[in-house]
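Structure file protein-v1.pdb (PDB, C-alpha atoms, pLDDT in the B column) is printed below.
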```
ATOM      1  CA  MET A  12     128.350 109.900  60.147  1.00 68.00           C
ATOM      2  CA  PRO A  13     126.412 107.070  58.453  1.00 74.00           C
ATOM      3  CA  ARG A  14     123.420 105.554  60.262  1.00 76.00           C
ATOM      4  CA  SER A  15     125.419 102.369  60.812  1.00 77.00           C
ATOM      5  CA  GLN A  16     127.629 104.301  63.207  1.00 80.00           C
ATOM      6  CA  ASP A  17     124.810 105.766  65.321  1.00 82.00           C
ATOM      7  CA  LYS A  18     126.128 103.998  68.413  1.00 85.00           C
ATOM      8  CA  VAL A  19     129.556 105.573  67.994  1.00 88.00           C
ATOM      9  CA  ALA A  20     127.983 108.995  67.434  1.00 88.00           C
ATOM     10  CA  HIS A  21     125.856 108.681  70.560  1.00 91.00           C
ATOM     11  CA  THR A  22     128.931 107.698  72.596  1.00 91.00           C
ATOM     12  CA  LEU A  23     130.876 110.702  71.323  1.00 92.00           C
ATOM     13  CA  ILE A  24     127.999 113.070  72.143  1.00 92.00           C
ATOM     14  CA  GLN A  25     127.667 111.546  75.635  1.00 92.00           C
ATOM     15  CA  ASN A  26     131.417 111.883  76.235  1.00 94.00           C
ATOM     16  CA  SER A  27     131.362 115.519  75.115  1.00 94.00           C
ATOM     17  CA  TYR A  28     128.480 116.255  77.477  1.00 95.00           C
ATOM     18  CA  GLU A  29     130.224 114.541  80.403  1.00 95.00           C
ATOM     19  CA  GLN A  30     133.444 116.490  79.821  1.00 95.00           C
ATOM     20  CA  ASP A  31     131.499 119.768  79.891  1.00 95.00           C
ATOM     21  CA  ALA A  32     129.648 118.631  82.986  1.00 96.00           C
ATOM     22  CA  VAL A  33     132.905 117.785  84.779  1.00 96.00           C
ATOM     23  CA  SER A  34     134.255 121.246  83.939  1.00 95.00           C
ATOM     24  CA  ALA A  35     131.097 122.847  85.327  1.00 96.00           C
ATOM     25  CA  ILE A  36     131.313 120.747  88.515  1.00 96.00           C
ATOM     26  CA  GLN A  37     134.925 121.746  89.040  1.00 96.00           C
ATOM     27  CA  GLU A  38     133.951 125.399  88.663  1.00 95.00           C
ATOM     28  CA  GLU A  39     131.120 124.974  91.181  1.00 96.00           C
ATOM     29  CA  LEU A  40     133.474 123.298  93.647  1.00 95.00           C
ATOM     30  CA  LYS A  41     135.897 126.204  93.347  1.00 94.00           C
ATOM     31  CA  TYR A  42     133.197 128.708  94.316  1.00 94.00           C
ATOM     32  CA  LEU A  43     131.871 126.477  97.108  1.00 93.00           C
ATOM     33  CA  ARG A  44     135.341 126.104  98.645  1.00 91.00           C
ATOM     34  CA  ALA A  45     135.812 129.874  98.509  1.00 89.00           C
ATOM     35  CA  PHE A  46     132.425 130.404 100.167  1.00 88.00           C
ATOM     36  CA  LEU A  47     133.127 127.855 102.910  1.00 85.00           C
ATOM     37  CA  LYS A  48     136.485 129.451 103.637  1.00 81.00           C
ATOM     38  CA  ILE A  49     134.797 132.826 104.205  1.00 80.00           C
ATOM     39  CA  TYR A  50     131.781 131.331 106.008  1.00 75.00           C
ATOM     40  CA  LYS A  51     133.988 129.420 108.451  1.00 71.00           C
ATOM     41  CA  ASN A  52     135.607 132.640 109.642  1.00 72.00           C
ATOM     42  CA  LYS A  53     132.531 134.911 109.607  1.00 71.00           C
ATOM     43  CA  THR A  54     129.713 132.957 111.270  1.00 76.00           C
ATOM     44  CA  THR A  55     127.619 134.480 114.049  1.00 77.00           C
ATOM     45  CA  ASP A  56     128.460 131.426 116.191  1.00 77.00           C
ATOM     46  CA  LEU A  57     132.135 132.352 115.966  1.00 80.00           C
ATOM     47  CA  VAL A  58     131.417 135.945 117.021  1.00 84.00           C
ATOM     48  CA  TYR A  59     129.780 134.614 120.184  1.00 84.00           C
ATOM     49  CA  LYS A  60     132.553 132.116 120.911  1.00 83.00           C
ATOM     50  CA  LYS A  61     135.227 134.824 120.616  1.00 86.00           C
ATOM     51  CA  LEU A  62     133.620 136.836 123.417  1.00 90.00           C
ATOM     52  CA  ASN A  63     135.287 136.985 126.799  1.00 92.00           C
ATOM     53  CA  PRO A  64     133.767 134.210 128.982  1.00 88.00           C
ATOM     54  CA  LEU A  65     132.373 136.810 131.396  1.00 91.00           C
ATOM     55  CA  ARG A  66     130.667 138.686 128.547  1.00 91.00           C
ATOM     56  CA  ARG A  67     129.388 135.397 127.159  1.00 85.00           C
ATOM     57  CA  GLN A  68     127.438 134.866 130.389  1.00 86.00           C
ATOM     58  CA  ILE A  69     125.654 138.192 129.848  1.00 91.00           C
ATOM     59  CA  VAL A  70     125.027 138.096 126.107  1.00 87.00           C
ATOM     60  CA  THR A  71     122.066 136.235 124.594  1.00 83.00           C
ATOM     61  CA  PRO A  72     123.362 134.730 121.338  1.00 83.00           C
ATOM     62  CA  LEU A  73     121.436 135.429 118.142  1.00 84.00           C
ATOM     63  CA  THR A  74     121.901 131.831 117.043  1.00 83.00           C
ATOM     64  CA  LEU A  75     122.398 128.627 119.013  1.00 85.00           C
ATOM     65  CA  ASP A  76     124.994 125.987 118.250  1.00 84.00           C
ATOM     66  CA  ASP A  77     123.922 122.345 118.341  1.00 90.00           C
ATOM     67  CA  ILE A  78     124.707 121.858 122.021  1.00 90.00           C
ATOM     68  CA  GLN A  79     122.891 125.034 123.068  1.00 88.00           C
ATOM     69  CA  TYR A  80     119.904 124.155 120.871  1.00 92.00           C
ATOM     70  CA  ALA A  81     119.653 120.672 122.391  1.00 96.00           C
ATOM     71  CA  GLU A  82     119.897 122.073 125.912  1.00 93.00           C
ATOM     72  CA  GLN A  83     117.071 124.541 125.237  1.00 92.00           C
ATOM     73  CA  TRP A  84     114.997 121.792 123.604  1.00 96.00           C
ATOM     74  CA  LEU A  85     115.337 119.595 126.678  1.00 96.00           C
ATOM     75  CA  LYS A  86     114.301 122.405 129.033  1.00 95.00           C
ATOM     76  CA  VAL A  87     110.698 122.384 127.760  1.00 96.00           C
ATOM     77  CA  GLU A  88     108.426 121.561 130.691  1.00 95.00           C
ATOM     78  CA  TYR A  89     105.359 119.345 130.374  1.00 95.00           C
ATOM     79  CA  ARG A  90     103.062 117.249 132.537  1.00 92.00           C
ATOM     80  CA  HIS A  91     103.931 113.566 132.635  1.00 90.00           C
ATOM     81  CA  LYS A  92     101.357 110.802 132.641  1.00 92.00           C
ATOM     82  CA  LYS A  93     100.831 108.982 135.920  1.00 92.00           C
ATOM     83  CA  PHE A  94     102.201 105.487 136.440  1.00 93.00           C
ATOM     84  CA  PRO A  95     100.141 102.628 137.872  1.00 89.00           C
ATOM     85  CA  GLU A  96     100.964 101.995 141.518  1.00 87.00           C
ATOM     86  CA  ASN A  97     100.568  98.215 141.341  1.00 87.00           C
ATOM     87  CA  LYS A  98     103.584  97.616 139.073  1.00 86.00           C
ATOM     88  CA  SER A  99     107.285  97.484 139.902  1.00 90.00           C
ATOM     89  CA  PRO A 100     108.904 100.696 138.615  1.00 94.00           C
ATOM     90  CA  LEU A 101     111.392 100.562 135.763  1.00 96.00           C
ATOM     91  CA  PHE A 102     114.087 103.211 135.423  1.00 96.00           C
ATOM     92  CA  THR A 103     116.425 104.255 132.614  1.00 97.00           C
ATOM     93  CA  ASP A 104     120.051 105.377 132.768  1.00 96.00           C
ATOM     94  CA  ASN A 105     118.643 108.927 132.955  1.00 94.00           C
ATOM     95  CA  ASN A 106     116.897 107.831 136.175  1.00 95.00           C
ATOM     96  CA  GLU A 107     113.456 108.396 134.672  1.00 96.00           C
ATOM     97  CA  GLN A 108     110.598 105.980 135.105  1.00 96.00           C
ATOM     98  CA  VAL A 109     109.208 104.211 132.024  1.00 97.00           C
ATOM     99  CA  ARG A 110     106.539 101.580 131.448  1.00 95.00           C
ATOM    100  CA  SER A 111     108.333  98.606 129.918  1.00 95.00           C
ATOM    101  CA  LYS A 112     111.692  96.873 129.625  1.00 95.00           C
ATOM    102  CA  SER A 113     111.702  97.668 125.896  1.00 96.00           C
ATOM    103  CA  GLU A 114     111.352 101.370 126.680  1.00 97.00           C
ATOM    104  CA  VAL A 115     114.330 101.037 129.027  1.00 97.00           C
ATOM    105  CA  ILE A 116     116.359  99.603 126.137  1.00 96.00           C
ATOM    106  CA  ILE A 117     115.296 102.370 123.737  1.00 98.00           C
ATOM    107  CA  ALA A 118     115.892 105.164 126.268  1.00 98.00           C
ATOM    108  CA  ASN A 119     119.333 103.846 127.199  1.00 97.00           C
ATOM    109  CA  GLU A 120     120.366 103.516 123.548  1.00 97.00           C
ATOM    110  CA  LEU A 121     119.180 107.088 122.888  1.00 98.00           C
ATOM    111  CA  LYS A 122     121.239 108.317 125.844  1.00 97.00           C
ATOM    112  CA  ALA A 123     124.296 106.326 124.726  1.00 97.00           C
ATOM    113  CA  SER A 124     123.972 107.894 121.256  1.00 97.00           C
ATOM    114  CA  ALA A 125     123.585 111.412 122.739  1.00 97.00           C
ATOM    115  CA  VAL A 126     120.133 111.823 121.186  1.00 98.00           C
ATOM    116  CA  PRO A 127     117.903 114.259 123.129  1.00 98.00           C
ATOM    117  CA  TYR A 128     114.424 112.949 123.825  1.00 98.00           C
ATOM    118  CA  ARG A 129     111.303 113.662 125.860  1.00 98.00           C
ATOM    119  CA  TYR A 130     109.471 110.689 127.323  1.00 98.00           C
ATOM    120  CA  GLU A 131     105.698 110.664 126.691  1.00 97.00           C
ATOM    121  CA  PHE A 132     105.649 114.292 125.560  1.00 97.00           C
ATOM    122  CA  PRO A 133     101.988 115.305 124.931  1.00 96.00           C
ATOM    123  CA  LEU A 134     100.994 116.114 121.347  1.00 96.00           C
ATOM    124  CA  LEU A 135      97.606 117.605 120.471  1.00 93.00           C
ATOM    125  CA  MET A 136      95.838 115.674 117.713  1.00 92.00           C
ATOM    126  CA  ASP A 137      92.824 116.691 115.675  1.00 88.00           C
ATOM    127  CA  LYS A 138      90.521 113.694 115.253  1.00 82.00           C
ATOM    128  CA  ASN A 139      88.841 115.413 112.311  1.00 76.00           C
ATOM    129  CA  ALA A 140      92.036 116.436 110.543  1.00 64.00           C
ATOM    130  CA  ALA A 141      91.020 114.390 107.490  1.00 58.00           C
ATOM    131  CA  THR A 142      87.908 116.592 107.094  1.00 56.00           C
ATOM    132  CA  PRO A 143      89.138 120.131 107.885  1.00 55.00           C
ATOM    133  CA  ASP A 144      85.806 121.749 106.917  1.00 58.00           C
ATOM    134  CA  PHE A 145      83.952 119.864 109.632  1.00 54.00           C
ATOM    135  CA  PRO A 146      82.499 122.520 111.952  1.00 53.00           C
ATOM    136  CA  ASP A 147      82.970 120.703 115.269  1.00 58.00           C
ATOM    137  CA  TYR A 148      86.650 119.900 115.875  1.00 62.00           C
ATOM    138  CA  ASP A 149      87.454 117.146 118.320  1.00 78.00           C
ATOM    139  CA  PHE A 150      90.978 117.226 119.786  1.00 83.00           C
ATOM    140  CA  CYS A 151      92.799 114.668 121.885  1.00 87.00           C
ATOM    141  CA  LYS A 152      96.278 114.204 123.310  1.00 91.00           C
ATOM    142  CA  LEU A 153      98.671 111.468 122.356  1.00 94.00           C
ATOM    143  CA  HIS A 154     101.741 110.732 124.449  1.00 96.00           C
ATOM    144  CA  PRO A 155     104.263 109.070 122.128  1.00 97.00           C
ATOM    145  CA  ASP A 156     106.763 106.820 123.854  1.00 97.00           C
ATOM    146  CA  PHE A 157     109.617 109.111 122.817  1.00 98.00           C
ATOM    147  CA  TYR A 158     109.779 112.511 121.157  1.00 98.00           C
ATOM    148  CA  CYS A 159     113.300 112.754 119.730  1.00 98.00           C
ATOM    149  CA  LEU A 160     115.531 115.444 118.268  1.00 98.00           C
ATOM    150  CA  ASN A 161     118.036 114.939 115.468  1.00 98.00           C
ATOM    151  CA  ILE A 162     120.613 117.511 116.575  1.00 96.00           C
ATOM    152  CA  ARG A 163     122.306 117.664 113.174  1.00 94.00           C
ATOM    153  CA  THR A 164     119.141 118.476 111.195  1.00 96.00           C
ATOM    154  CA  ARG A 165     117.098 119.816 114.174  1.00 96.00           C
ATOM    155  CA  GLN A 166     114.156 117.749 113.014  1.00 97.00           C
ATOM    156  CA  GLU A 167     111.833 116.241 115.610  1.00 98.00           C
ATOM    157  CA  TYR A 168     110.609 112.654 115.437  1.00 98.00           C
ATOM    158  CA  VAL A 169     107.806 110.793 117.185  1.00 98.00           C
ATOM    159  CA  TRP A 170     108.952 107.296 118.194  1.00 98.00           C
ATOM    160  CA  GLU A 171     106.227 104.788 118.966  1.00 98.00           C
ATOM    161  CA  HIS A 172     107.108 101.283 120.106  1.00 97.00           C
ATOM    162  CA  PHE A 173     104.381  98.648 119.877  1.00 97.00           C
ATOM    163  CA  GLY A 174     105.345  95.805 122.166  1.00 94.00           C
ATOM    164  CA  MET A 175     102.455  93.325 121.915  1.00 94.00           C
ATOM    165  CA  MET A 176     101.715  93.026 118.220  1.00 95.00           C
ATOM    166  CA  ASP A 177     100.713  89.370 118.588  1.00 94.00           C
ATOM    167  CA  ASP A 178      97.695  90.529 120.613  1.00 94.00           C
ATOM    168  CA  ALA A 179      94.795  91.188 118.208  1.00 95.00           C
ATOM    169  CA  ASN A 180      93.130  93.954 120.245  1.00 96.00           C
ATOM    170  CA  TYR A 181      96.461  95.672 120.844  1.00 95.00           C
ATOM    171  CA  ALA A 182      97.258  95.540 117.111  1.00 96.00           C
ATOM    172  CA  ILE A 183      93.883  97.151 116.295  1.00 95.00           C
ATOM    173  CA  GLN A 184      94.559  99.970 118.762  1.00 95.00           C
ATOM    174  CA  ALA A 185      98.054 100.438 117.296  1.00 95.00           C
ATOM    175  CA  THR A 186      96.557 100.740 113.803  1.00 95.00           C
ATOM    176  CA  GLU A 187      94.054 103.349 114.995  1.00 94.00           C
ATOM    177  CA  LYS A 188      96.839 105.348 116.630  1.00 95.00           C
ATOM    178  CA  LEU A 189      98.949 105.246 113.457  1.00 95.00           C
ATOM    179  CA  ASN A 190      95.963 106.405 111.398  1.00 94.00           C
ATOM    180  CA  LEU A 191      95.487 109.339 113.769  1.00 94.00           C
ATOM    181  CA  TYR A 192      99.156 110.231 113.446  1.00 95.00           C
ATOM    182  CA  ALA A 193      98.868 110.147 109.653  1.00 95.00           C
ATOM    183  CA  GLN A 194      95.818 112.421 109.718  1.00 92.00           C
ATOM    184  CA  ASN A 195      97.896 114.947 111.649  1.00 94.00           C
ATOM    185  CA  GLY A 196     100.935 114.887 109.388  1.00 94.00           C
ATOM    186  CA  PHE A 197     103.105 112.244 111.067  1.00 97.00           C
ATOM    187  CA  TYR A 198     104.276 109.644 108.556  1.00 96.00           C
ATOM    188  CA  PRO A 199     106.688 106.700 108.885  1.00 94.00           C
ATOM    189  CA  GLY A 200     110.063 107.563 107.390  1.00 90.00           C
ATOM    190  CA  LYS A 201     109.331 111.297 107.510  1.00 95.00           C
ATOM    191  CA  ASN A 202     108.799 112.266 111.146  1.00 97.00           C
ATOM    192  CA  LEU A 203     107.449 109.074 112.704  1.00 98.00           C
ATOM    193  CA  ILE A 204     109.582 106.126 113.850  1.00 98.00           C
ATOM    194  CA  ILE A 205     107.833 102.819 114.462  1.00 97.00           C
ATOM    195  CA  THR A 206     109.282  99.745 116.176  1.00 97.00           C
ATOM    196  CA  MET A 207     107.385  96.568 117.009  1.00 96.00           C
ATOM    197  CA  GLU A 208     107.847  93.269 118.785  1.00 96.00           C
ATOM    198  CA  THR A 209     106.036  90.078 119.716  1.00 95.00           C
ATOM    199  CA  GLN A 210     106.746  87.386 122.289  1.00 92.00           C
ATOM    200  CA  ASN A 211     108.593  85.350 119.663  1.00 93.00           C
ATOM    201  CA  LYS A 212     110.373  88.369 118.131  1.00 93.00           C
ATOM    202  CA  PRO A 213     111.522  90.570 121.024  1.00 93.00           C
ATOM    203  CA  LEU A 214     113.189  93.951 120.626  1.00 93.00           C
ATOM    204  CA  SER A 215     116.963  93.905 120.117  1.00 92.00           C
ATOM    205  CA  SER A 216     119.586  96.542 120.919  1.00 92.00           C
ATOM    206  CA  LYS A 217     121.139  95.993 117.495  1.00 94.00           C
ATOM    207  CA  MET A 218     117.900  96.941 115.751  1.00 94.00           C
ATOM    208  CA  ILE A 219     117.460 100.009 117.965  1.00 96.00           C
ATOM    209  CA  LYS A 220     120.992 101.181 117.190  1.00 96.00           C
ATOM    210  CA  GLY A 221     120.227 100.835 113.475  1.00 96.00           C
ATOM    211  CA  VAL A 222     117.048 102.911 113.811  1.00 97.00           C
ATOM    212  CA  ILE A 223     118.903 105.640 115.716  1.00 98.00           C
ATOM    213  CA  GLU A 224     121.645 105.730 113.100  1.00 97.00           C
ATOM    214  CA  ALA A 225     119.110 105.928 110.256  1.00 96.00           C
ATOM    215  CA  TYR A 226     116.912 108.714 111.664  1.00 97.00           C
ATOM    216  CA  LEU A 227     118.565 110.528 114.531  1.00 97.00           C
ATOM    217  CA  LYS A 228     122.275 110.916 113.701  1.00 94.00           C
TER     218      LYS A 228
END
```

Rewrite the structure of this file - the entire thing - as structure tokens.
Amino acid sequence: MPRSQDKVAHTLIQNSYEQDAVSAIQEELKYLRAFLKIYKNKTTDLVYKKLNPLRRQIVTPLTLDDIQYAEQWLKVEYRHKKFPENKSPLFTDNNEQVRSKSEVIIANELKASAVPYRYEFPLLMDKNAATPDFPDYDFCKLHPDFYCLNIRTRQEYVWEHFGMMDDANYAIQATEKLNLYAQNGFYPGKNLIITMETQNKPLSSKMIKGVIEAYLK
């Protein structure tokens, strides 16, 4: 074709490529459907579910379905931080004590969305994680407000809520905590959820529901 018709030639080449690509995609879909049909009927979960209920009580399954996994995840025992005695206690719908009204809102929304969580679960942090060759390691514990499980992906998330961001000293401490998280591999959008509020911009249930939908469903 003459150079004046380069645009037409490019369109024809693109169309030819797309037709071949569509054919390849259709072929891939055919094999994937065949695989899923076999997989659906041959999974180890199904073998366990087909057992007599009495045998199921005896057998330890090789794999856990989502419900079983979440139940095991929630059974982990840990020491809780003490609460100050001079403050009125606040309780969630799970009848657990928390430290603020905002934490009540978050905990209740997590429960309503069937998201497993551990309140103030201790995590060991290396203060010198940024310099791994340093000979004298200095470890500390952080107790994130919520340690959550996405049942679908089985990924764990730290959820920190910073409720007084209009207080300068509080904001500095929050920044230091976030830096420590980053040094130990916890990053916003990856495995760290951050929510904040001030007196003029309080926490809202709508925002919390959006966060849960984005990370934990």

Using Å and a single decimal, report how far CA of Gln30 (chain A) sits from CA of Lys18 (chain A). 18.4 Å

Take the PyMOL selection byres ((chain A and resi 153) around 8), apply it to the structure above, and return the hits as a compact mmCIF listing (two decimals) with C-alpha atoms, in the frame of the given file.
```txt
# COMPACT_ATOMS: atom_id res chain seq x y z
CA PRO A 133 101.99 115.30 124.93
CA LEU A 134 100.99 116.11 121.35
CA LEU A 135 97.61 117.60 120.47
CA MET A 136 95.84 115.67 117.71
CA CYS A 151 92.80 114.67 121.88
CA LYS A 152 96.28 114.20 123.31
CA HIS A 154 101.74 110.73 124.45
CA PRO A 155 104.26 109.07 122.13
```

Check the smallest atom-to-atom distance from each of A:Ile24, A:Ile162, A:Val33, A:Val126 to Tyr80 (chain A) using all atoms listed in the file, then report the winner.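 Looking at the shortest contact to Tyr80 (chain A), the residue is A:Ile162.
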
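Distance annotation: of A:Val109, A:Ile219, A:Ala225, A:Ala185, the residue with the minimal separation from Gly200 (chain A) is A:Ala225; atom set is all atoms listed in the file.
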
Take the PyMOL selection byres ((chain A and resi 119-122) around 10), apply it to the structure above, and return the hits as a ChimeraX atom specification. /A:102-105,113-118,123-128,157,159,216-217,219-220,223,227

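Closest to Ile205 (chain A) among A:Glu82, A:Glu38, A:Glu171, A:Asp177 is A:Glu171, based on all atoms listed in the file.
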